[in-house]
Amino acid sequence: MKVLNFGSLNYDHVYEVDHFVLPGETMSSLSYMRGFGGKGLNQSIALKKAGLDVYHAGRVGYDGQDFIDYLNKYGVKTDYLLKDEKNAGGHARIEVCRGENRIVLYGGANQLIDEKQVDDVLEHFEEGDVLLLQNEISSMSYIIRKARELGMYIAFNTAPMNELVFSYPLDLIDLFIVNETEGRGLSECDSEKIEDIILALKEKYADKEVVMTVGKDGSYYIGKDMVVYQKAYPVTAVDTTAAGDTFTGFFLASYLKDKDVKKALDLAAKASSITVQGKGAADSIPEMKDLL
Ligand code: RIB
């Protein structure tokens, strides 16, 4: 079984602020750092740190050699990562205030992935292989359809949730990984109550698996015939960026290896509780040894 993560790579420009910038306001930040991010890259790093071999496919810009070096440093395979010599790569502008963040994305090369690139990547995969996706690259519907034709198992983290998600062939997805807001969006349930969202997800995606994180209130696995709850590990958050990516990577790595939902949720909860105690995205994702 080979695992492919087809996803975004962003330079993250992170500004620590004492309040989020207001309309019309110009303000100075308390600190600045540039780091590696993108939900795709973060999740590949998390998968690998959780002990799973992963190929990362995607598209960096002419300024993107650093991403390839960074992924390789951690052992993520970059054979199918394309460097676009004409266009700039993606970046994110992130304000962080007392642990919370606000993110503005510029897709760049992430949004230039076309059907040819998808074909060139997927020809190396086959039935029984696994595909992980997030919602930060182009050609999503095409990737999902081709992967299904091949017989790959498809996991989709619907972040960032937007109207495009509903244009994808969601019936071809095997596993959704969402946070509370995304779960509400995906199930089209307006209720504030977690139990209502779980019921709505169960009803709408009856033949799917769904993992939903609910911040300090823990996480849930909603399967065909069972719901499993996992508590969160309470910590003081410095920066929540990449917490969801860490959860996704650690959950999937453990779940694919042991097929033990409870163990996978627990590991993912532990790992993301460490991520939120560090600054930045990929750099704050822990190693397995940090969880013991
Ligand atoms: O999930 C966090 C990530 O979202 C950041 O690294 C940023 O690049 C955006 O993609």
# chains A, B, ... in the order shown; residues from 1 in each chain; ligands from 1
>>> residues_near_ligand(ligand="ligand 1", cutoff="8 Å", atoms="only C-alpha atoms and all ligand atoms", output="NGL selection string")
:A and (8-12 or 36-42 or 91-94 or 103-105 or 136 or 159-160 or 241-245 or 280-282)
>>> residues_around(residues="Val54 (chain A)", least_positions_apart="4", cutoff="10 Å", atoms="only C-alpha atoms", output="MDAnalysis selection string")
chainID A and resid 2:5 43:48 75:78 130:132 253
>>> atom_distance(atom1="CA of Tyr15 (chain A)", atom2="CA of Asp84 (chain A)")
27.7 Å
>>> select_by_dssp(residues="region 23-59 of chain A", states="strand (DSSP E)", output="ChimeraX atom specification")
/A:31-37,55-59
>>> closest_residue(among="A:Ile198, A:Leu82, A:Ala88, A:Val96", to="Lys116 (chain A)", atoms="only C-alpha atoms")
A:Leu82
